[in-house]
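Trainee: So that we are looking at the same thing, I have put the structure below in structure tokens.
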Amino acid sequence: AVGAFALALRLYGIGNELGHVDVGIDQKRLARSVLHFFETGEIGHSTVEHYPGIHFWFLSASFSIAYLWGLMQGLAANLSRMPLDLFLLTGKVVGAFQGTITVLLTGLLGKRLVGPRVGLLAAGLMAMSPLSIELSMQVRNDAGQAMLITAAVVVALGNYRSGRGLEAFVAGTLAGLATGVKYSSLFVVIPVFLAAGTSQQEKRRGPSLALAFGGFVAALALSNHFLWADVPNFLKQLSDQIGITDESHWAAMANPAAFHVS
């Protein structure tokens, strides 16, 4: 019921602004990156918004369905003539479902940590969180990032209690996929590795830690191969991220809200 409520909140009016309000450069950049891949077969990766790991393929699959629907509805005869708003709306819907899955995972995490009532409360609060709702209604990589991070922590907690190698590997894999979506997700390796290395099943700690590390490295290397296939650009991306968050950035000013509105 909480999941259905969360999805309804995120889908309600999800595309109302399309065609009336500019959705912003980041959302257009990601959508056009997928469409560029459709048109040329080449994947742009100059920024993490161009190629957010496995999230890029979530969007590719959904955009393919949207394109087929557009053809059947007679919206256009080919990809280049399809309205961008069609794909923006599709990406928003993908984010809404990812946000809903994050709500359910948050409830499961609360249940595992404390109990069913806390899990239900956690899911309910997450379902109504304004920031969660807002990010789930945008064509960005944040919703996918949050979903994978939360899933990694849920599985890691199970691994801490059971010490099973499969859970350790899955937790590491989810952490790797999350980091491939957005580099700031790297912090999730802390609970994943900590859970494996301090498992309640002492004899399984070593193998669990090794499997978690292996799953992380493999998932990151496969889901976002540009990290090692184009190292200079990866280093440039890291430098750019630091550069846009220094003292000269509007967000670092005394009143960033007023400056942003102006």
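Every chain in the structure tokens has a letter given in the order shown (A, B, ...), and although residue numbers restart at 1 in each chain, ligands are simply numbered from 1 in the order shown.
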Could you name the residues that touch stretch 230-238 of chain A at 7 Å or less, counting only C-alpha atoms, but leaving out those on the same chain fewer than 3 positions away, as an mmCIF file with all heavy atoms, in the first residue's frame?

Mentor:
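Contents of part.cif, as written:
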```cif
data_model
loop_
_atom_site.group_PDB
_atom_site.id
_atom_site.type_symbol
_atom_site.label_atom_id
_atom_site.label_comp_id
_atom_site.auth_asym_id
_atom_site.auth_seq_id
_atom_site.Cartn_x
_atom_site.Cartn_y
_atom_site.Cartn_z
ATOM 1 N N SER A 46 31.539 12.421 -21.853
ATOM 2 C CA SER A 46 32.353 13.549 -21.420
ATOM 3 C C SER A 46 32.015 13.979 -20.001
ATOM 4 O O SER A 46 32.842 14.573 -19.313
ATOM 5 C CB SER A 46 32.182 14.727 -22.379
ATOM 6 O OG SER A 46 30.828 15.103 -22.474
ATOM 7 N N THR A 47 30.776 13.710 -19.537
ATOM 8 C CA THR A 47 30.398 13.960 -18.146
ATOM 9 C C THR A 47 29.667 12.736 -17.620
ATOM 10 O O THR A 47 29.214 11.880 -18.397
ATOM 11 C CB THR A 47 29.482 15.190 -18.000
ATOM 12 O OG1 THR A 47 28.201 14.872 -18.560
ATOM 13 C CG2 THR A 47 30.055 16.402 -18.717
ATOM 14 N N PHE A 226 34.257 3.222 -18.973
ATOM 15 C CA PHE A 226 34.994 4.433 -19.338
ATOM 16 C C PHE A 226 35.953 4.870 -18.232
ATOM 17 O O PHE A 226 36.867 5.655 -18.484
ATOM 18 C CB PHE A 226 34.031 5.568 -19.683
ATOM 19 C CG PHE A 226 33.243 5.315 -20.937
ATOM 20 C CD1 PHE A 226 31.862 5.212 -20.908
ATOM 21 C CD2 PHE A 226 33.890 5.161 -22.160
ATOM 22 C CE1 PHE A 226 31.141 4.972 -22.068
ATOM 23 C CE2 PHE A 226 33.176 4.923 -23.327
ATOM 24 C CZ PHE A 226 31.795 4.836 -23.278
ATOM 25 N N LEU A 227 35.750 4.376 -17.013
ATOM 26 C CA LEU A 227 36.662 4.715 -15.926
ATOM 27 C C LEU A 227 38.076 4.257 -16.243
ATOM 28 O O LEU A 227 39.045 4.958 -15.936
ATOM 29 C CB LEU A 227 36.200 4.086 -14.605
ATOM 30 C CG LEU A 227 35.243 4.911 -13.752
ATOM 31 C CD1 LEU A 227 33.880 5.006 -14.411
ATOM 32 C CD2 LEU A 227 35.111 4.310 -12.357
ATOM 33 N N GLN A 241 34.228 18.365 -11.326
ATOM 34 C CA GLN A 241 33.297 18.342 -10.200
ATOM 35 C C GLN A 241 33.823 19.169 -9.030
ATOM 36 O O GLN A 241 33.057 19.845 -8.339
ATOM 37 C CB GLN A 241 33.045 16.898 -9.751
ATOM 38 C CG GLN A 241 32.265 16.068 -10.754
ATOM 39 C CD GLN A 241 30.902 16.671 -11.057
ATOM 40 O OE1 GLN A 241 30.158 17.031 -10.153
ATOM 41 N NE2 GLN A 241 30.570 16.792 -12.331
ATOM 42 N N ILE A 242 35.120 19.097 -8.794
ATOM 43 C CA ILE A 242 35.713 19.917 -7.731
ATOM 44 C C ILE A 242 35.661 21.391 -8.121
ATOM 45 O O ILE A 242 35.346 22.268 -7.303
ATOM 46 C CB ILE A 242 37.173 19.500 -7.457
ATOM 47 C CG1 ILE A 242 37.221 18.056 -6.953
ATOM 48 C CG2 ILE A 242 37.834 20.438 -6.459
ATOM 49 C CD1 ILE A 242 36.487 17.832 -5.659
#
```

Trainee: DSSP on the backbone, then: every residue of stretch 42-179 of chain A marked helix (DSSP H, G or I), written as a compact mmCIF listing (two decimals) with N, CA, C and O atoms, in the first residue's frame.

Mentor:
```txt
# COMPACT_ATOMS: atom_id res chain seq x y z
N ILE A 54 24.87 1.81 -15.44
CA ILE A 54 23.74 0.95 -15.77
C ILE A 54 22.45 1.76 -15.92
O ILE A 54 21.52 1.32 -16.61
N HIS A 55 22.39 2.93 -15.32
CA HIS A 55 21.21 3.77 -15.48
C HIS A 55 21.01 4.17 -16.94
O HIS A 55 19.87 4.35 -17.40
N PHE A 56 22.09 4.32 -17.67
CA PHE A 56 22.02 4.62 -19.10
C PHE A 56 21.24 3.53 -19.83
O PHE A 56 20.46 3.82 -20.75
N TRP A 57 21.44 2.29 -19.42
CA TRP A 57 20.77 1.18 -20.09
C TRP A 57 19.33 1.02 -19.64
O TRP A 57 18.48 0.54 -20.40
N PHE A 58 19.02 1.42 -18.39
CA PHE A 58 17.62 1.50 -17.99
C PHE A 58 16.87 2.46 -18.91
O PHE A 58 15.77 2.15 -19.40
N LEU A 59 17.48 3.61 -19.16
CA LEU A 59 16.86 4.60 -20.03
C LEU A 59 16.81 4.13 -21.48
O LEU A 59 15.83 4.37 -22.19
N SER A 60 17.87 3.46 -21.93
CA SER A 60 17.89 2.96 -23.31
C SER A 60 16.73 2.00 -23.56
O SER A 60 16.07 2.06 -24.60
N ALA A 61 16.50 1.10 -22.62
CA ALA A 61 15.40 0.13 -22.77
C ALA A 61 14.06 0.85 -22.80
O ALA A 61 13.20 0.56 -23.65
N SER A 62 13.85 1.80 -21.88
CA SER A 62 12.57 2.50 -21.83
C SER A 62 12.38 3.42 -23.03
O SER A 62 11.27 3.55 -23.56
N PHE A 63 13.46 4.06 -23.50
CA PHE A 63 13.36 4.93 -24.67
C PHE A 63 13.03 4.11 -25.92
O PHE A 63 12.35 4.60 -26.82
N SER A 64 13.53 2.88 -25.99
CA SER A 64 13.21 2.02 -27.14
C SER A 64 11.71 1.73 -27.19
O SER A 64 11.09 1.76 -28.26
N ILE A 65 11.14 1.46 -26.02
CA ILE A 65 9.70 1.21 -25.95
C ILE A 65 8.93 2.47 -26.33
O ILE A 65 7.94 2.42 -27.07
N ALA A 66 9.39 3.62 -25.83
CA ALA A 66 8.73 4.89 -26.15
C ALA A 66 8.79 5.18 -27.64
O ALA A 66 7.82 5.66 -28.24
N TYR A 67 9.94 4.88 -28.26
CA TYR A 67 10.10 5.12 -29.69
C TYR A 67 9.15 4.24 -30.50
O TYR A 67 8.49 4.70 -31.45
N LEU A 68 9.05 2.98 -30.11
CA LEU A 68 8.14 2.07 -30.80
C LEU A 68 6.69 2.55 -30.66
O LEU A 68 5.92 2.53 -31.63
N TRP A 69 6.35 3.00 -29.45
CA TRP A 69 4.99 3.52 -29.23
C TRP A 69 4.76 4.75 -30.10
O TRP A 69 3.67 4.92 -30.68
N GLY A 70 5.76 5.63 -30.18
CA GLY A 70 5.63 6.83 -31.00
C GLY A 70 5.42 6.51 -32.47
O GLY A 70 4.63 7.15 -33.16
N LEU A 71 6.14 5.50 -32.96
CA LEU A 71 5.96 5.07 -34.35
C LEU A 71 4.55 4.54 -34.58
O LEU A 71 3.91 4.87 -35.59
N MET A 72 4.06 3.73 -33.66
CA MET A 72 2.73 3.14 -33.82
C MET A 72 1.62 4.18 -33.73
O MET A 72 0.56 4.03 -34.32
N GLN A 73 1.90 5.26 -32.96
CA GLN A 73 0.90 6.32 -32.81
C GLN A 73 1.00 7.36 -33.92
O GLN A 73 0.19 8.28 -33.98
N LEU A 79 13.41 8.54 -35.87
CA LEU A 79 13.86 8.97 -34.55
C LEU A 79 14.14 10.47 -34.49
O LEU A 79 13.80 11.14 -33.51
N SER A 80 14.75 11.01 -35.53
CA SER A 80 15.14 12.42 -35.50
C SER A 80 13.94 13.35 -35.42
O SER A 80 14.06 14.50 -34.98
N ARG A 81 12.78 12.88 -35.85
CA ARG A 81 11.59 13.73 -35.83
C ARG A 81 10.72 13.52 -34.59
O ARG A 81 9.73 14.24 -34.39
N LEU A 84 11.32 15.49 -28.33
CA LEU A 84 12.16 15.20 -27.18
C LEU A 84 11.33 15.00 -25.92
O LEU A 84 11.70 14.21 -25.04
N ASP A 85 10.19 15.69 -25.84
CA ASP A 85 9.34 15.58 -24.65
C ASP A 85 8.87 14.15 -24.41
O ASP A 85 8.65 13.75 -23.26
N LEU A 86 8.69 13.38 -25.48
CA LEU A 86 8.28 11.99 -25.34
C LEU A 86 9.31 11.21 -24.53
O LEU A 86 8.96 10.44 -23.62
N PHE A 87 10.58 11.43 -24.83
CA PHE A 87 11.65 10.71 -24.14
C PHE A 87 11.90 11.28 -22.74
O PHE A 87 12.25 10.54 -21.82
N LEU A 88 11.71 12.58 -22.59
CA LEU A 88 11.84 13.18 -21.26
C LEU A 88 10.78 12.62 -20.32
O LEU A 88 11.07 12.28 -19.16
N LEU A 89 9.56 12.50 -20.82
CA LEU A 89 8.48 11.93 -20.00
C LEU A 89 8.80 10.48 -19.64
O LEU A 89 8.59 10.05 -18.50
N THR A 90 9.31 9.73 -20.61
CA THR A 90 9.65 8.33 -20.35
C THR A 90 10.73 8.23 -19.27
O THR A 90 10.64 7.40 -18.36
N GLY A 91 11.75 9.08 -19.36
CA GLY A 91 12.80 9.08 -18.35
C GLY A 91 12.28 9.44 -16.98
O GLY A 91 12.73 8.89 -15.96
N LYS A 92 11.32 10.35 -16.92
CA LYS A 92 10.72 10.73 -15.65
C LYS A 92 9.97 9.55 -15.03
O LYS A 92 10.02 9.33 -13.81
N VAL A 93 9.27 8.80 -15.86
CA VAL A 93 8.52 7.63 -15.37
C VAL A 93 9.49 6.58 -14.81
O VAL A 93 9.23 5.95 -13.78
N VAL A 94 10.61 6.38 -15.50
CA VAL A 94 11.63 5.46 -15.00
C VAL A 94 12.10 5.90 -13.61
O VAL A 94 12.21 5.09 -12.68
N GLY A 95 12.35 7.20 -13.45
CA GLY A 95 12.76 7.72 -12.15
C GLY A 95 11.70 7.52 -11.09
O GLY A 95 12.01 7.23 -9.93
N ALA A 96 10.43 7.65 -11.46
CA ALA A 96 9.33 7.46 -10.50
C ALA A 96 9.31 6.02 -9.98
O ALA A 96 9.11 5.79 -8.78
N PHE A 97 9.51 5.06 -10.87
CA PHE A 97 9.53 3.67 -10.43
C PHE A 97 10.77 3.39 -9.58
O PHE A 97 10.70 2.64 -8.60
N GLN A 98 11.91 3.96 -9.94
CA GLN A 98 13.11 3.78 -9.14
C GLN A 98 12.94 4.39 -7.75
O GLN A 98 13.36 3.81 -6.75
N GLY A 99 12.30 5.55 -7.69
CA GLY A 99 12.03 6.17 -6.40
C GLY A 99 11.12 5.32 -5.55
O GLY A 99 11.30 5.22 -4.32
N THR A 100 10.14 4.69 -6.17
CA THR A 100 9.21 3.82 -5.44
C THR A 100 9.93 2.58 -4.90
O THR A 100 9.70 2.15 -3.76
N ILE A 101 10.82 2.00 -5.71
CA ILE A 101 11.59 0.86 -5.24
C ILE A 101 12.47 1.25 -4.05
O ILE A 101 12.61 0.49 -3.09
N THR A 102 13.01 2.47 -4.09
CA THR A 102 13.81 2.96 -2.97
C THR A 102 12.97 3.07 -1.70
O THR A 102 13.44 2.77 -0.60
N VAL A 103 11.72 3.47 -1.85
CA VAL A 103 10.81 3.54 -0.70
C VAL A 103 10.63 2.15 -0.09
O VAL A 103 10.70 1.97 1.14
N LEU A 104 10.40 1.16 -0.93
CA LEU A 104 10.20 -0.21 -0.44
C LEU A 104 11.48 -0.75 0.22
O LEU A 104 11.42 -1.43 1.25
N LEU A 105 12.62 -0.45 -0.37
CA LEU A 105 13.89 -0.89 0.20
C LEU A 105 14.15 -0.21 1.55
O LEU A 105 14.68 -0.83 2.48
N THR A 106 13.76 1.05 1.66
CA THR A 106 13.91 1.77 2.92
C THR A 106 13.06 1.11 4.01
O THR A 106 13.49 0.96 5.16
N GLY A 107 11.84 0.71 3.64
CA GLY A 107 10.99 0.00 4.59
C GLY A 107 11.59 -1.33 5.01
O GLY A 107 11.56 -1.70 6.19
N LEU A 108 12.16 -2.05 4.05
CA LEU A 108 12.79 -3.34 4.36
C LEU A 108 14.00 -3.14 5.27
O LEU A 108 14.24 -3.93 6.19
N LEU A 109 14.75 -2.06 5.03
CA LEU A 109 15.91 -1.78 5.86
C LEU A 109 15.49 -1.47 7.30
O LEU A 109 16.09 -1.97 8.26
N GLY A 110 14.44 -0.66 7.45
CA GLY A 110 13.94 -0.37 8.79
C GLY A 110 13.43 -1.61 9.49
O GLY A 110 13.63 -1.79 10.70
N LYS A 111 12.79 -2.49 8.75
CA LYS A 111 12.29 -3.74 9.33
C LYS A 111 13.43 -4.62 9.80
O LYS A 111 13.37 -5.20 10.89
N ARG A 112 14.50 -4.71 9.00
CA ARG A 112 15.62 -5.56 9.37
C ARG A 112 16.40 -5.01 10.56
O ARG A 112 16.93 -5.76 11.38
N LEU A 113 16.45 -3.67 10.64
CA LEU A 113 17.21 -3.04 11.73
C LEU A 113 16.45 -3.08 13.05
O LEU A 113 17.04 -3.35 14.10
N PRO A 116 8.94 -4.51 12.11
CA PRO A 116 7.96 -4.18 11.07
C PRO A 116 7.38 -2.77 11.20
O PRO A 116 7.20 -2.09 10.20
N ARG A 117 7.09 -2.32 12.42
CA ARG A 117 6.49 -0.99 12.58
C ARG A 117 7.45 0.11 12.16
O ARG A 117 7.05 1.07 11.51
N VAL A 118 8.69 -0.04 12.54
CA VAL A 118 9.70 0.95 12.14
C VAL A 118 9.89 0.92 10.63
O VAL A 118 10.05 1.96 9.99
N GLY A 119 9.88 -0.27 10.06
CA GLY A 119 10.00 -0.38 8.61
C GLY A 119 8.87 0.32 7.89
O GLY A 119 9.08 1.03 6.90
N LEU A 120 7.66 0.15 8.38
CA LEU A 120 6.49 0.80 7.78
C LEU A 120 6.60 2.32 7.91
O LEU A 120 6.30 3.06 6.96
N LEU A 121 7.03 2.78 9.09
CA LEU A 121 7.18 4.22 9.30
C LEU A 121 8.27 4.79 8.38
O LEU A 121 8.09 5.86 7.78
N ALA A 122 9.39 4.07 8.26
CA ALA A 122 10.49 4.53 7.40
C ALA A 122 10.03 4.64 5.95
O ALA A 122 10.32 5.61 5.26
N ALA A 123 9.31 3.63 5.48
CA ALA A 123 8.81 3.65 4.11
C ALA A 123 7.83 4.79 3.90
O ALA A 123 7.87 5.48 2.87
N GLY A 124 6.97 5.03 4.88
CA GLY A 124 6.00 6.10 4.77
C GLY A 124 6.66 7.47 4.71
O GLY A 124 6.28 8.33 3.90
N LEU A 125 7.66 7.68 5.55
CA LEU A 125 8.37 8.96 5.55
C LEU A 125 9.12 9.16 4.24
O LEU A 125 9.14 10.26 3.68
N MET A 126 9.73 8.09 3.73
CA MET A 126 10.46 8.19 2.47
C MET A 126 9.50 8.45 1.31
O MET A 126 9.81 9.20 0.38
N ALA A 127 8.33 7.85 1.38
CA ALA A 127 7.34 8.02 0.31
C ALA A 127 6.91 9.48 0.21
O ALA A 127 6.67 9.98 -0.90
N MET A 128 6.85 10.19 1.35
CA MET A 128 6.37 11.57 1.35
C MET A 128 7.51 12.59 1.39
O MET A 128 7.25 13.79 1.44
N PRO A 130 9.81 15.28 0.33
CA PRO A 130 9.77 16.19 -0.83
C PRO A 130 10.97 16.02 -1.75
O PRO A 130 10.82 16.04 -2.97
N LEU A 131 12.17 15.85 -1.17
CA LEU A 131 13.36 15.71 -2.01
C LEU A 131 13.30 14.42 -2.82
O LEU A 131 13.65 14.40 -4.00
N SER A 132 12.86 13.33 -2.19
CA SER A 132 12.74 12.06 -2.90
C SER A 132 11.74 12.16 -4.04
O SER A 132 11.98 11.67 -5.15
N ILE A 133 10.61 12.81 -3.77
CA ILE A 133 9.58 12.97 -4.81
C ILE A 133 10.12 13.80 -5.97
O ILE A 133 9.95 13.45 -7.13
N GLU A 134 10.80 14.90 -5.64
CA GLU A 134 11.30 15.79 -6.69
C GLU A 134 12.33 15.10 -7.57
O GLU A 134 12.27 15.17 -8.80
N LEU A 135 13.29 14.41 -6.95
CA LEU A 135 14.33 13.75 -7.73
C LEU A 135 13.78 12.58 -8.54
O LEU A 135 14.31 12.24 -9.60
N SER A 136 12.72 11.95 -8.02
CA SER A 136 12.12 10.82 -8.73
C SER A 136 11.32 11.25 -9.95
O SER A 136 10.91 10.42 -10.75
N ASP A 142 20.15 10.47 -10.19
CA ASP A 142 20.06 10.43 -8.73
C ASP A 142 19.10 9.36 -8.21
O ASP A 142 19.38 8.71 -7.19
N ALA A 143 17.97 9.18 -8.88
CA ALA A 143 16.99 8.19 -8.42
C ALA A 143 17.57 6.78 -8.53
O ALA A 143 17.42 5.96 -7.62
N GLY A 144 18.25 6.50 -9.64
CA GLY A 144 18.89 5.19 -9.80
C GLY A 144 20.01 4.99 -8.80
O GLY A 144 20.21 3.89 -8.27
N GLN A 145 20.76 6.05 -8.54
CA GLN A 145 21.85 6.00 -7.57
C GLN A 145 21.31 5.65 -6.18
O GLN A 145 21.82 4.74 -5.52
N ALA A 146 20.28 6.37 -5.74
CA ALA A 146 19.71 6.14 -4.41
C ALA A 146 19.15 4.72 -4.29
O ALA A 146 19.29 4.07 -3.25
N MET A 147 18.51 4.24 -5.35
CA MET A 147 17.94 2.89 -5.33
C MET A 147 19.03 1.84 -5.14
O MET A 147 18.90 0.93 -4.29
N LEU A 148 20.12 1.95 -5.89
CA LEU A 148 21.19 0.96 -5.81
C LEU A 148 21.93 1.04 -4.48
O LEU A 148 22.33 0.01 -3.92
N ILE A 149 22.13 2.26 -3.97
CA ILE A 149 22.80 2.41 -2.67
C ILE A 149 21.98 1.73 -1.57
O ILE A 149 22.51 0.98 -0.75
N THR A 150 20.68 2.02 -1.54
CA THR A 150 19.82 1.45 -0.50
C THR A 150 19.77 -0.07 -0.61
O THR A 150 19.81 -0.78 0.40
N ALA A 151 19.71 -0.57 -1.83
CA ALA A 151 19.69 -2.02 -2.03
C ALA A 151 20.98 -2.65 -1.53
O ALA A 151 20.96 -3.72 -0.91
N ALA A 152 22.11 -2.00 -1.78
CA ALA A 152 23.40 -2.52 -1.33
C ALA A 152 23.45 -2.62 0.19
O ALA A 152 23.94 -3.61 0.76
N VAL A 153 22.92 -1.60 0.87
CA VAL A 153 22.93 -1.61 2.33
C VAL A 153 22.00 -2.69 2.88
O VAL A 153 22.33 -3.37 3.86
N VAL A 154 20.84 -2.86 2.26
CA VAL A 154 19.90 -3.89 2.70
C VAL A 154 20.54 -5.28 2.61
O VAL A 154 20.49 -6.08 3.54
N VAL A 155 21.17 -5.55 1.47
CA VAL A 155 21.81 -6.86 1.28
C VAL A 155 23.01 -7.01 2.19
O VAL A 155 23.27 -8.10 2.73
N ALA A 156 23.76 -5.93 2.39
CA ALA A 156 24.93 -5.99 3.27
C ALA A 156 24.52 -6.33 4.70
O ALA A 156 25.22 -7.09 5.39
N LEU A 157 23.40 -5.79 5.15
CA LEU A 157 22.92 -6.11 6.49
C LEU A 157 22.58 -7.59 6.62
O LEU A 157 22.88 -8.23 7.64
N GLY A 158 21.98 -8.13 5.57
CA GLY A 158 21.70 -9.57 5.57
C GLY A 158 22.98 -10.39 5.60
O GLY A 158 23.07 -11.40 6.29
N ASN A 159 24.00 -9.93 4.88
CA ASN A 159 25.28 -10.61 4.87
C ASN A 159 25.96 -10.55 6.23
O ASN A 159 26.62 -11.50 6.65
N TYR A 160 25.81 -9.45 6.93
CA TYR A 160 26.39 -9.31 8.27
C TYR A 160 25.85 -10.38 9.21
O TYR A 160 26.58 -10.93 10.04
N ARG A 161 24.59 -10.71 9.06
CA ARG A 161 23.98 -11.68 9.96
C ARG A 161 24.20 -13.12 9.52
O ARG A 161 24.36 -14.01 10.35
N SER A 162 24.19 -13.33 8.21
CA SER A 162 24.29 -14.71 7.71
C SER A 162 25.70 -15.12 7.33
O SER A 162 26.07 -16.28 7.45
N GLY A 165 28.26 -16.09 1.30
CA GLY A 165 29.09 -15.51 0.26
C GLY A 165 28.28 -14.87 -0.85
O GLY A 165 28.68 -13.83 -1.39
N LEU A 166 27.13 -15.45 -1.20
CA LEU A 166 26.31 -14.90 -2.27
C LEU A 166 25.81 -13.50 -1.92
O LEU A 166 25.83 -12.60 -2.75
N GLU A 167 25.38 -13.32 -0.67
CA GLU A 167 24.90 -12.01 -0.25
C GLU A 167 26.04 -10.99 -0.28
O GLU A 167 25.83 -9.82 -0.66
N ALA A 168 27.23 -11.41 0.13
CA ALA A 168 28.38 -10.51 0.10
C ALA A 168 28.68 -10.08 -1.34
O ALA A 168 28.95 -8.90 -1.62
N PHE A 169 28.63 -11.03 -2.26
CA PHE A 169 28.90 -10.74 -3.67
C PHE A 169 27.84 -9.80 -4.24
O PHE A 169 28.17 -8.85 -4.97
N VAL A 170 26.57 -10.06 -3.92
CA VAL A 170 25.49 -9.22 -4.43
C VAL A 170 25.60 -7.81 -3.87
O VAL A 170 25.42 -6.82 -4.59
N ALA A 171 25.91 -7.69 -2.58
CA ALA A 171 26.07 -6.37 -1.97
C ALA A 171 27.20 -5.60 -2.64
O ALA A 171 27.07 -4.41 -2.95
N GLY A 172 28.32 -6.27 -2.87
CA GLY A 172 29.44 -5.63 -3.56
C GLY A 172 29.08 -5.24 -4.98
O GLY A 172 29.48 -4.16 -5.45
N THR A 173 28.35 -6.10 -5.66
CA THR A 173 27.92 -5.81 -7.03
C THR A 173 27.02 -4.58 -7.08
O THR A 173 27.19 -3.71 -7.94
N LEU A 174 26.08 -4.50 -6.16
CA LEU A 174 25.18 -3.34 -6.11
C LEU A 174 25.95 -2.06 -5.81
O LEU A 174 25.67 -1.00 -6.38
N ALA A 175 26.95 -2.16 -4.92
CA ALA A 175 27.78 -1.00 -4.62
C ALA A 175 28.57 -0.56 -5.86
O ALA A 175 28.72 0.63 -6.13
N GLY A 176 29.06 -1.53 -6.63
CA GLY A 176 29.79 -1.22 -7.86
C GLY A 176 28.89 -0.58 -8.90
O GLY A 176 29.29 0.39 -9.58
N LEU A 177 27.68 -1.08 -9.04
CA LEU A 177 26.73 -0.50 -9.99
C LEU A 177 26.37 0.92 -9.59
O LEU A 177 26.26 1.81 -10.44
N ALA A 178 26.17 1.15 -8.29
CA ALA A 178 25.84 2.49 -7.80
C ALA A 178 26.97 3.47 -8.08
O ALA A 178 26.75 4.60 -8.52
N THR A 179 28.22 3.03 -7.87
CA THR A 179 29.37 3.90 -8.11
C THR A 179 29.52 4.18 -9.60
O THR A 179 29.95 5.27 -10.00
```

Trainee: Would you compute the distance between atom CA of A:Phe216 and atom CA of A:Gly44? Give it in Å to one decimal.

Mentor: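 Between these atoms lies a distance of 23.7 Å.
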
Trainee: Counting only C-alpha atoms, what is within 7 Å of A:Ser199, bar same-chain residues fewer than 2 positions away, as number ranges by chain?

Mentor: A: 160-161, 163, 195-197, 201-202, 205

Trainee: Save out the residues we just selected, N, CA and C atoms, as a PDB file, in the first residue's frame.

Mentor:
```pdb
ATOM      1  N   TYR A 160      25.805  -9.447   6.933  1.00  0.00           N
ATOM      2  CA  TYR A 160      26.388  -9.308   8.269  1.00  0.00           C
ATOM      3  C   TYR A 160      25.851 -10.380   9.213  1.00  0.00           C
ATOM      4  N   ARG A 161      24.593 -10.709   9.060  1.00  0.00           N
ATOM      5  CA  ARG A 161      23.981 -11.682   9.961  1.00  0.00           C
ATOM      6  C   ARG A 161      24.200 -13.122   9.520  1.00  0.00           C
ATOM      7  N   GLY A 163      26.493 -14.169   6.839  1.00  0.00           N
ATOM      8  CA  GLY A 163      27.845 -14.484   6.391  1.00  0.00           C
ATOM      9  C   GLY A 163      27.885 -15.223   5.076  1.00  0.00           C
ATOM     10  N   ALA A 195      30.228  -4.821   6.794  1.00  0.00           N
ATOM     11  CA  ALA A 195      29.319  -5.927   7.102  1.00  0.00           C
ATOM     12  C   ALA A 195      29.979  -7.275   6.818  1.00  0.00           C
ATOM     13  N   ALA A 196      30.712  -7.355   5.706  1.00  0.00           N
ATOM     14  CA  ALA A 196      31.372  -8.615   5.348  1.00  0.00           C
ATOM     15  C   ALA A 196      32.535  -8.921   6.290  1.00  0.00           C
ATOM     16  N   GLY A 197      33.297  -7.882   6.657  1.00  0.00           N
ATOM     17  CA  GLY A 197      34.487  -8.098   7.479  1.00  0.00           C
ATOM     18  C   GLY A 197      34.211  -8.289   8.950  1.00  0.00           C
ATOM     19  N   GLN A 201      29.103 -14.380  11.597  1.00  0.00           N
ATOM     20  CA  GLN A 201      29.669 -15.704  11.324  1.00  0.00           C
ATOM     21  C   GLN A 201      31.176 -15.529  11.110  1.00  0.00           C
ATOM     22  N   GLU A 202      31.954 -15.628  12.188  1.00  0.00           N
ATOM     23  CA  GLU A 202      33.364 -15.270  12.153  1.00  0.00           C
ATOM     24  C   GLU A 202      34.161 -16.041  11.096  1.00  0.00           C
ATOM     25  N   ARG A 205      34.092 -14.446   7.475  1.00  0.00           N
ATOM     26  CA  ARG A 205      34.433 -13.036   7.267  1.00  0.00           C
ATOM     27  C   ARG A 205      35.395 -12.839   6.098  1.00  0.00           C
TER      28      ARG A 205
END
```

Trainee: Find, counting only C-alpha atoms, the residue in A:Met253, A:Val181, A:Met82, A:Ala1 that gets nearest to A:Leu222.

Mentor: A:Val181

Trainee: When you draw a straight line from atom CA of A:Arg10 to atom CA of A:Arg32, how long is it in Å?

Mentor: 22.9 Å

Trainee: Identify, on the basis of only C-alpha atoms, every residue whose closest approach to stretch 13-30 of chain A does not exceed 6 Å; exclude the query and any residue fewer than 4 positions from it along the same chain; express the result as a PyMOL selection string.

Mentor: chain A and resi 49-50+89+139-140

Trainee: Mind pulling up the distance from atom CA of A:Lys182 to atom CA of A:Val48?

Mentor: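 Those two atoms sit 6.7 Å apart.
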